[in-house]
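Undergrad: Input file: coords.cif. Contents: mmCIF, C-alpha atoms.
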data_work
#
loop_
_atom_site.label_atom_id
_atom_site.label_comp_id
_atom_site.auth_asym_id
_atom_site.auth_seq_id
_atom_site.Cartn_x
_atom_site.Cartn_y
_atom_site.Cartn_z
CA MET A 1 64.50 67.82 -7.31
CA VAL A 2 65.30 71.41 -6.43
CA GLY A 3 62.75 74.20 -6.05
CA VAL A 4 62.77 77.78 -4.81
CA ASN A 5 59.67 77.20 -2.67
CA GLY A 6 58.43 73.75 -3.61
CA GLY A 7 55.28 75.11 -5.24
CA LYS A 8 55.62 72.92 -8.31
CA PHE A 9 56.41 69.69 -6.47
CA PRO A 10 52.76 68.50 -6.05
CA ALA A 11 52.09 68.78 -9.79
CA ILE A 12 55.40 67.08 -10.60
CA ARG A 13 54.64 64.20 -8.26
CA GLU A 14 51.17 63.86 -9.77
CA HIS A 15 52.69 63.77 -13.24
CA LEU A 16 55.19 61.06 -12.23
CA ALA A 17 52.50 59.02 -10.55
CA GLN A 18 50.24 59.13 -13.58
CA ASN A 19 52.74 58.75 -16.42
CA ILE A 20 55.29 56.45 -14.79
CA GLY A 21 53.77 54.80 -11.75
CA GLY A 22 50.45 54.31 -13.49
CA ALA A 23 52.05 53.08 -16.72
CA TYR A 24 54.66 50.56 -15.54
CA LYS A 25 55.03 47.94 -12.85
CA ASP A 26 57.53 48.17 -10.00
CA MET A 27 58.66 51.75 -10.59
CA ASP A 28 60.03 53.53 -7.51
CA LEU A 29 58.88 57.16 -7.68
CA SER A 30 60.39 58.31 -4.41
CA CYS A 31 62.87 61.16 -4.48
CA SER A 32 64.36 63.94 -2.36
CA THR A 33 62.92 67.43 -2.69
CA ASN A 34 65.08 70.41 -1.80
CA ILE A 35 63.67 73.76 -0.68
CA LEU A 36 65.55 76.81 0.60
CA LYS A 37 64.01 78.40 3.69
CA LYS A 38 65.61 81.38 5.43
CA GLY A 39 68.98 80.66 3.84
CA ARG A 40 68.99 77.01 4.94
CA LEU A 41 68.53 74.03 2.64
CA ILE A 42 65.64 71.86 3.78
CA LEU A 43 65.90 68.26 2.61
CA LYS A 44 62.77 66.15 2.59
CA PRO A 45 64.17 62.76 1.63
CA VAL A 46 62.08 59.74 0.79
CA SER A 47 64.73 57.82 -1.10
CA PRO A 48 67.91 59.64 -2.24
CA LEU A 49 68.41 60.02 -5.96
CA PRO A 50 71.70 58.95 -7.61
CA PHE A 51 71.68 62.41 -9.20
CA VAL A 52 69.77 65.68 -8.84
CA LYS A 53 67.76 67.02 -11.77
CA TYR A 54 67.49 70.81 -11.85
CA ASP A 55 64.25 72.26 -13.16
CA PHE A 56 64.46 75.86 -11.99
CA SER A 57 66.51 79.02 -12.46
CA PHE A 58 69.98 79.25 -10.93
CA CYS A 59 69.53 80.70 -7.47
CA ALA A 60 70.51 80.17 -3.85
CA THR A 61 68.53 76.92 -3.82
CA ASP A 62 70.58 75.45 -6.64
CA LYS A 63 73.83 76.50 -5.01
CA ALA A 64 72.80 75.03 -1.66
CA ALA A 65 71.75 71.75 -3.26
CA ILE A 66 75.06 71.46 -5.11
CA GLU A 67 76.97 72.21 -1.92
CA ALA A 68 75.06 69.45 -0.15
CA MET A 69 76.23 66.85 -2.68
CA LYS A 70 79.42 64.81 -2.54
CA PRO A 71 82.23 64.91 -5.13
CA GLY A 72 81.70 62.18 -7.71
CA GLU A 73 77.92 62.46 -7.69
CA ALA A 74 76.12 63.60 -10.82
CA VAL A 75 73.90 66.49 -11.85
CA ILE A 76 71.58 66.61 -14.86
CA ILE A 77 70.66 70.15 -15.93
CA PHE A 78 67.46 70.81 -17.87
CA THR A 79 66.83 74.51 -17.29
CA PRO A 80 66.43 77.63 -19.49
CA ASP A 81 69.39 78.13 -21.82
CA SER A 82 70.69 81.21 -20.04
CA THR A 83 71.12 79.29 -16.75
CA HIS A 84 73.14 76.33 -18.07
CA TYR A 85 76.55 77.94 -17.65
CA PRO A 86 76.39 79.14 -14.03
CA ILE A 87 74.78 75.91 -12.78
CA ALA A 88 77.17 73.65 -14.70
CA LEU A 89 80.26 75.64 -13.65
CA TYR A 90 79.24 75.66 -9.98
CA ALA A 91 78.61 71.90 -10.06
CA ILE A 92 81.91 71.15 -11.79
CA GLU A 93 83.83 73.32 -9.31
CA HIS A 94 82.31 71.18 -6.54
CA GLY A 95 83.62 67.98 -8.12
CA LEU A 96 80.31 66.83 -9.60
CA HIS A 97 79.86 65.11 -12.96
CA VAL A 98 77.54 67.13 -15.23
CA LEU A 99 75.13 66.37 -18.05
CA VAL A 100 73.68 69.58 -19.48
CA THR A 101 70.96 69.79 -22.09
CA LYS A 102 71.65 71.48 -25.41
CA PRO A 103 72.78 74.14 -26.06
CA ALA A 104 75.55 73.68 -23.53
CA THR A 105 75.98 77.44 -23.27
CA GLN A 106 74.96 80.46 -25.31
CA LEU A 107 78.44 82.00 -25.43
CA LEU A 108 81.54 80.32 -26.85
CA SER A 109 83.63 81.84 -24.05
CA HIS A 110 81.43 80.13 -21.47
CA HIS A 111 81.74 76.81 -23.28
CA ASN A 112 85.51 77.17 -23.20
CA ASP A 113 85.29 77.89 -19.47
CA LEU A 114 83.40 74.62 -18.89
CA ILE A 115 85.99 72.66 -20.89
CA ALA A 116 88.78 74.08 -18.75
CA ALA A 117 86.86 73.57 -15.49
CA ALA A 118 85.99 69.94 -16.27
CA ARG A 119 89.65 69.19 -16.97
CA LYS A 120 90.83 71.03 -13.87
CA HIS A 121 88.41 69.22 -11.56
CA ASN A 122 88.72 65.87 -13.37
CA VAL A 123 85.00 65.31 -13.88
CA VAL A 124 82.82 64.08 -16.74
CA CYS A 125 80.85 66.80 -18.54
CA PHE A 126 78.56 65.73 -21.38
CA VAL A 127 75.99 67.65 -23.44
CA GLU A 128 72.68 65.85 -23.93
CA HIS A 129 72.85 65.66 -27.74
CA HIS A 130 70.73 62.51 -27.93
CA LYS A 131 70.54 62.44 -31.73
CA ARG A 132 74.10 61.12 -31.80
CA PHE A 133 72.67 57.85 -30.46
CA ASP A 134 69.90 57.58 -33.06
CA PRO A 135 70.86 54.46 -35.07
CA VAL A 136 70.02 56.21 -38.35
CA TYR A 137 72.17 59.22 -37.53
CA SER A 138 75.11 57.18 -36.29
CA ASP A 139 74.95 54.96 -39.37
CA ALA A 140 74.77 58.04 -41.59
CA LYS A 141 77.86 59.45 -39.91
CA ALA A 142 79.80 56.28 -40.76
CA ARG A 143 78.59 56.32 -44.36
CA ALA A 144 79.40 60.02 -44.78
CA ALA A 145 83.03 59.19 -43.98
CA THR A 146 83.14 57.09 -47.18
CA LEU A 147 81.83 59.87 -49.45
CA GLY A 148 85.01 61.91 -49.73
CA GLU A 149 85.24 65.64 -49.10
CA PHE A 150 82.26 67.44 -47.63
CA ASN A 151 80.35 69.74 -49.96
CA TYR A 152 76.85 70.62 -48.68
CA PHE A 153 74.54 70.13 -45.67
CA ASN A 154 70.97 71.35 -45.27
CA ALA A 155 68.91 70.83 -42.09
CA TRP A 156 65.37 71.81 -41.18
CA MET A 157 63.72 71.46 -37.76
CA SER A 158 60.47 73.01 -36.60
CA GLN A 159 57.78 72.84 -33.97
CA PRO A 160 54.16 74.02 -34.18
CA LYS A 161 53.07 77.53 -33.27
CA SER A 162 51.44 76.18 -30.11
CA GLN A 163 54.95 75.92 -28.63
CA LEU A 164 55.00 79.70 -28.37
CA GLU A 165 52.32 79.40 -25.69
CA THR A 166 54.60 77.06 -23.75
CA PHE A 167 57.77 79.10 -24.18
CA ARG A 168 56.38 82.65 -24.12
CA ALA A 169 58.07 83.31 -20.76
CA TRP A 170 61.55 83.09 -22.31
CA ALA A 171 61.12 83.09 -26.12
CA GLY A 172 63.06 86.00 -27.55
CA LYS A 173 64.16 87.09 -24.06
CA ASP A 174 66.55 84.46 -22.78
CA SER A 175 67.08 82.43 -25.96
CA ASP A 176 65.95 81.91 -29.54
CA ILE A 177 64.72 79.11 -31.79
CA SER A 178 68.17 78.55 -33.31
CA TYR A 179 69.71 77.79 -29.92
CA TYR A 180 66.70 75.67 -29.01
CA LEU A 181 66.29 73.54 -32.17
CA SER A 182 69.15 74.04 -34.64
CA SER A 183 71.56 73.00 -31.90
CA HIS A 184 70.47 69.42 -32.68
CA HIS A 185 71.50 69.26 -36.32
CA ILE A 186 74.41 71.67 -36.04
CA ASP A 187 75.87 69.19 -33.57
CA ILE A 188 75.20 66.29 -35.94
CA CYS A 189 76.97 68.11 -38.75
CA CYS A 190 79.92 69.00 -36.50
CA TRP A 191 80.07 65.38 -35.34
CA MET A 192 80.05 64.06 -38.91
CA LEU A 193 82.82 66.48 -39.90
CA GLN A 194 84.93 66.13 -36.76
CA ASP A 195 88.65 66.05 -37.66
CA THR A 196 87.84 66.50 -41.38
CA ALA A 197 86.52 70.08 -41.69
CA VAL A 198 85.94 73.16 -39.52
CA PRO A 199 83.46 76.08 -39.70
CA THR A 200 85.01 79.42 -40.62
CA ARG A 201 82.19 81.92 -41.22
CA VAL A 202 78.54 82.35 -40.22
CA VAL A 203 75.83 84.60 -41.67
CA ALA A 204 72.32 84.56 -40.15
CA SER A 205 68.91 85.62 -41.39
CA ALA A 206 65.54 85.59 -39.64
CA ALA A 207 61.81 85.76 -40.39
CA THR A 208 59.54 87.64 -37.96
CA GLY A 209 55.94 88.67 -37.41
CA ILE A 210 54.04 85.59 -36.24
CA ALA A 211 55.43 85.15 -32.73
CA THR A 212 54.99 88.84 -31.94
CA SER A 213 51.36 88.98 -33.13
CA GLU A 214 48.08 87.71 -31.69
CA PRO A 215 47.51 85.32 -30.02
CA TYR A 216 51.15 84.72 -28.98
CA ASN A 217 52.34 88.28 -28.29
CA CYS A 218 55.96 87.40 -27.62
CA VAL A 219 58.46 90.19 -27.00
CA PRO A 220 59.25 92.36 -30.07
CA GLN A 221 62.69 90.82 -30.66
CA THR A 222 61.36 87.24 -31.01
CA GLU A 223 62.19 85.64 -34.35
CA ASP A 224 59.86 83.10 -35.98
CA THR A 225 62.43 81.29 -38.09
CA ILE A 226 66.21 81.54 -38.08
CA THR A 227 68.60 80.37 -40.80
CA LEU A 228 72.37 80.10 -40.39
CA LEU A 229 74.59 79.89 -43.48
CA VAL A 230 77.97 78.43 -42.53
CA ASP A 231 81.19 78.08 -44.53
CA TRP A 232 83.31 74.99 -43.84
CA GLN A 233 86.97 74.43 -44.70
CA SER A 234 88.43 70.99 -45.27
CA LEU A 235 91.35 70.08 -43.01
CA LYS A 236 92.77 67.70 -45.60
CA SER A 237 92.46 69.67 -48.83
CA PRO A 238 92.92 73.47 -49.04
CA LYS A 239 90.85 73.64 -52.23
CA HIS A 240 87.81 71.90 -50.77
CA LYS A 241 85.26 74.14 -49.08
CA GLY A 242 81.73 73.23 -48.02
CA THR A 243 78.59 75.11 -47.12
CA ALA A 244 75.81 74.29 -44.67
CA VAL A 245 72.35 75.73 -44.05
CA TYR A 246 70.69 75.20 -40.66
CA THR A 247 67.11 76.41 -40.26
CA ALA A 248 64.81 76.22 -37.23
CA SER A 249 61.28 77.53 -36.67
CA TRP A 250 58.63 77.47 -33.96
CA THR A 251 55.89 78.86 -36.18
CA ALA A 252 55.18 75.69 -38.18
CA PRO A 253 51.56 74.66 -38.89
CA LEU A 254 49.42 72.97 -36.28
CA LYS A 255 48.14 69.42 -36.76
CA ALA A 256 51.00 68.44 -39.07
CA GLY A 257 51.06 64.93 -37.61
CA VAL A 258 54.45 65.39 -35.94
CA HIS A 259 55.56 67.46 -32.97
CA SER A 260 58.91 68.24 -34.58
CA ALA A 261 59.37 68.21 -38.35
CA GLN A 262 63.03 67.42 -38.91
CA HIS A 263 65.09 66.30 -41.86
CA TRP A 264 68.51 66.88 -43.33
CA TYR A 265 70.56 66.31 -46.47
CA TYR A 266 74.31 65.69 -46.72
CA MET A 267 76.35 65.75 -49.95
CA GLY A 268 79.97 64.69 -50.30
CA GLU A 269 82.11 64.49 -53.43
CA LYS A 270 81.15 60.83 -53.99
CA GLY A 271 77.52 60.66 -52.91
CA ASP A 272 74.76 61.99 -50.69
CA ILE A 273 72.57 61.06 -47.70
CA THR A 274 68.97 62.04 -46.93
CA VAL A 275 67.40 61.56 -43.49
CA ASP A 276 63.79 62.28 -42.53
CA GLN A 277 63.65 61.69 -38.81
CA ALA A 278 60.02 62.73 -38.43
CA HIS A 279 58.61 60.17 -40.87
CA ARG A 280 59.98 56.69 -40.34
CA GLY A 281 57.39 54.60 -42.10
CA TYR A 282 55.27 54.31 -38.97
CA ASP A 283 52.02 56.29 -38.85
CA VAL A 284 48.73 55.94 -36.99
CA THR A 285 45.39 57.41 -38.07
CA VAL A 286 42.63 58.13 -35.55
CA ASP A 287 39.17 59.46 -36.42
CA GLU A 288 39.34 62.38 -34.00
CA THR A 289 42.90 63.52 -34.59
CA GLY A 290 43.85 62.31 -38.06
CA LYS A 291 47.23 60.90 -39.04
CA SER A 292 50.27 61.04 -36.75
CA TRP A 293 53.82 59.81 -37.19
CA TYR A 294 55.53 58.25 -34.18
CA ASN A 295 59.17 57.72 -33.28
CA PRO A 296 59.55 54.84 -30.78
CA PHE A 297 63.27 54.81 -31.57
CA TYR A 298 63.67 57.87 -29.33
CA MET A 299 61.67 56.42 -26.47
CA LYS A 300 59.32 53.44 -26.37
CA TYR A 301 56.57 54.46 -23.97
CA SER A 302 54.49 51.30 -24.22
CA PRO A 303 55.27 48.76 -21.46
CA SER A 304 56.89 45.35 -21.94
CA GLU A 305 54.96 42.09 -22.09
CA SER A 306 55.16 41.91 -18.31
CA GLY A 307 54.01 45.51 -17.83
CA HIS A 308 57.45 46.92 -16.98
CA PHE A 309 59.32 49.88 -18.47
CA ASP A 310 60.67 48.90 -21.89
CA GLY A 311 62.40 52.03 -23.20
CA GLN A 312 66.01 51.10 -22.48
CA ARG A 313 66.81 50.74 -26.18
CA GLY A 314 65.59 54.22 -27.09
CA TYR A 315 68.31 56.70 -28.00
CA GLY A 316 66.83 59.23 -25.58
CA TYR A 317 67.41 56.77 -22.74
CA ILE A 318 70.83 55.72 -24.06
CA SER A 319 72.02 59.34 -24.12
CA ILE A 320 71.54 59.63 -20.35
CA GLU A 321 72.75 56.09 -19.71
CA LYS A 322 76.07 56.81 -21.47
CA PHE A 323 76.67 59.74 -19.14
CA ILE A 324 75.85 57.79 -15.98
CA ASP A 325 78.04 54.89 -17.14
CA ALA A 326 80.94 57.28 -17.76
CA ALA A 327 80.54 58.91 -14.33
CA ARG A 328 80.46 55.54 -12.60
CA SER A 329 83.49 54.31 -14.53
CA VAL A 330 85.51 57.41 -13.60
CA ASN A 331 84.46 57.09 -9.96
CA ALA A 332 85.58 53.45 -9.96
CA GLY A 333 88.99 54.43 -11.35
CA LEU A 334 88.45 52.42 -14.55
CA THR A 335 88.63 55.41 -16.92
CA LYS A 336 89.60 59.08 -16.94
CA PRO A 337 87.24 61.86 -18.05
CA GLY A 338 89.49 62.92 -20.93
CA GLU A 339 89.29 59.47 -22.52
CA TYR A 340 85.70 60.09 -23.59
CA ASP A 341 86.77 62.92 -25.89
CA SER A 342 88.19 60.29 -28.26
CA HIS A 343 85.08 58.09 -28.24
CA GLY A 344 82.86 60.29 -30.41
CA LEU A 345 80.66 61.07 -27.42
CA PRO A 346 79.11 64.55 -26.89
CA THR A 347 81.60 65.67 -24.25
CA ILE A 348 81.91 69.35 -23.46
CA ALA A 349 85.17 69.42 -25.47
CA ASN A 350 83.70 67.60 -28.49
CA THR A 351 80.75 70.00 -28.77
CA VAL A 352 82.58 73.32 -28.74
CA LEU A 353 82.04 74.04 -32.46
CA THR A 354 78.29 73.61 -32.07
CA THR A 355 78.30 76.48 -29.58
CA ALA A 356 80.67 78.48 -31.77
CA ILE A 357 78.23 78.33 -34.69
CA LEU A 358 75.18 79.12 -32.55
CA ASN A 359 76.88 82.04 -30.80
CA ALA A 360 78.15 83.38 -34.14
CA GLY A 361 74.63 83.15 -35.55
CA ARG A 362 73.21 85.21 -32.71
CA ILE A 363 75.90 87.87 -33.15
CA SER A 364 75.26 87.93 -36.90
CA LEU A 365 71.56 88.61 -36.32
CA ASP A 366 72.15 91.27 -33.68
CA GLU A 367 74.99 93.08 -35.45
CA LYS A 368 73.92 92.37 -39.06
CA ARG A 369 77.30 91.07 -40.16
CA ALA A 370 79.23 87.92 -40.95
CA VAL A 371 81.05 86.38 -38.00
CA GLY A 372 84.30 84.44 -38.33
CA ILE A 373 85.32 81.35 -36.38
CA LYS A 374 88.97 80.53 -35.86
CA LYS A 375 91.31 78.69 -33.53
CA ASP A 376 93.60 80.77 -31.37
CA GLY A 377 96.18 78.29 -30.09
CA GLU A 378 94.05 75.52 -28.60
CA THR A 379 90.97 77.68 -28.10
CA TRP A 380 88.16 78.42 -30.54
CA VAL A 381 87.17 82.11 -30.76
CA LEU A 382 84.86 84.36 -32.78
CA GLU A 383 85.90 87.40 -34.79
#
Re-express the file's structure as structure tokens.
TA:
Amino acid sequence: MVGVNGGKFPAIREHLAQNIGGAYKDMDLSCSTNILKKGRLILKPVSPLPFVKYDFSFCATDKAAIEAMKPGEAVIIFTPDSTHYPIALYAIEHGLHVLVTKPATQLLSHHNDLIAAARKHNVVCFVEHHKRFDPVYSDAKARAATLGEFNYFNAWMSQPKSQLETFRAWAGKDSDISYYLSSHHIDICCWMLQDTAVPTRVVASAATGIATSEPYNCVPQTEDTITLLVDWQSLKSPKHKGTAVYTASWTAPLKAGVHSAQHWYYMGEKGDITVDQAHRGYDVTVDETGKSWYNPFYMKYSPSESGHFDGQRGYGYISIEKFIDAARSVNAGLTKPGEYDSHGLPTIANTVLTTAILNAGRISLDEKRAVGIKKDGETWVLE
């Protein structure tokens, strides 16, 4: 773990001890903590990690930690959206494999930079789009391929207003709700349509007023809900065009029984698909809190019969496992990083259109215009 001054480490260790050490048998919670003092990286190792997880802004500490690592090691980046690009690029340039949370970057140009850098330095770079490993989503992708030409996609994802308390420090300043939540289902749509259709035009609209009012008082430019309307062009049939609507909000009602309401609808020329990820036929009602819907398919938090961790089958776990497996395979000389682009995995190259749509949506909101997406040679650009 990397920190500017280590001030958060005690609370992090307490959290790990309570929620991991106290929940499962035989879990090793030791790790190295990295602090920068007077320009020098201070390592306080207990047991070295196979990778370093970054939880803070990109600064001298991050750079020093990356420089202290060896080529072929791996970095997992879960930091504010605006810091993904500089951290990921610096790590890649030092020969490290990178897994970065969504959105990979906020600018399409930065995403293109990471694609080029990963190829130049021959490292694995994945984006943590874990919904690709949800068995319902992956099955739906296969079935969508049998439904002929794409026609319509509609996705909704929201979180309760209480999230604005958590994210007030950066909401509307460093990122928006579309980057934060719609990145999930935009990626799923791009994945389903990979090699069959491409986005060509984006128009965005936003609702405002809740996040900027009491008791949240976010900065004036914070949107409550953002909708992106995207035109898609078939690659196989010039006459077939599709349309998609991606909406995300962090001003949904409290006590809705789910942390993230999320569902989507896909229609092709021969049929349709409906997925409600938030409600999977598994709900629990408690006197004090009412009804809640749970999703153990993402991560099973309850221990095994023997009291050990039992979440290895969850798609949240699998998403990280796939990255680590790829990094190890490349290090062992069994595979090459570029091979994973053809496996349907969320590599930095395979996720470029997700960033293109998100970036175009932000420009559309800011400049109040439609934004085009096109391919210039081998590179995707906005116009």
Undergrad: Would you kindly translate the PyMOL selection byres ((chain A and resi 358-361) around 7) into the concrete residues it picks from this file, as JSON, numbers by chain?
TA: {"A": [106, 107, 108, 179, 202, 203, 204, 228, 354, 355, 356, 357, 362, 363, 364, 365, 371, 382]}
Undergrad: Residues of segment 58-152 of chain A that have any atom at most 7 Å from an atom of segment 310-323 of chain A: could you tabulate them with the shortest-distance atom pair and the distance in Å to one decimal, using all atoms listed in the file, ordered by chain and increasing number, as JSON lines?
TA:
{"residue": "A:Leu99", "atom": "CA", "partner": "A:Phe323", "partner_atom": "CA", "distance": 6.9}
{"residue": "A:Phe126", "atom": "CA", "partner": "A:Phe323", "partner_atom": "CA", "distance": 6.7}
{"residue": "A:Glu128", "atom": "CA", "partner": "A:Ser319", "partner_atom": "CA", "distance": 6.5}
{"residue": "A:His130", "atom": "CA", "partner": "A:Ser319", "partner_atom": "CA", "distance": 5.1}
{"residue": "A:Phe133", "atom": "CA", "partner": "A:Tyr315", "partner_atom": "CA", "distance": 5.1}
{"residue": "A:Asp134", "atom": "CA", "partner": "A:Tyr315", "partner_atom": "CA", "distance": 5.4}
Undergrad: Please determine, counting all atoms listed in the file, which residue among A:Ala88, A:Ile226, A:Val98, A:Leu254 has the shortest atom-to-atom distance to Ala74 of chain A.
TA: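 Closest residue, counting all atoms listed in the file: A:Val98.
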Undergrad: Extract, using all atoms listed in the file, all DNA, RNA and protein residues at most 10 Å from His110 of chain A, discarding same-chain residues fewer than 4 positions from it, and format them as a list in words.
TA: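 My list of contacting residues is His84, Tyr85, Pro86, Leu89, Ala104, Thr105, Gln106, Leu114, Ile115, Ala116 and Thr355 of chain A.
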Undergrad: Using only C-alpha atoms - which residues lie no farther than 12 Å from the point (74.9, 76.2, -14.6) in the file's frame? Write them as a PyMOL selection string.
TA: chain A and resi 53-59+62-63+66+75-93+96+98-101+103-106+110-111+113-114+125
Undergrad: Find the distance between atom CA of Leu353 of chain A and atom CA of Gly242 of chain A and write it in Å to one decimal.
TA: 15.6 Å
Undergrad: Step by step, work through what the PyMOL selection byres ((chain A and resi 350) around 10) selects in the shown file, and finish by giving those residues as a list of chain:residue names.
TA: A:Ile115, A:Phe126, A:Val127, A:Asp187, A:Cys190, A:Trp191, A:Gln194, A:Tyr340, A:Asp341, A:Ser342, A:His343, A:Gly344, A:Leu345, A:Pro346, A:Thr347, A:Ile348, A:Ala349, A:Thr351, A:Val352, A:Leu353, A:Thr354
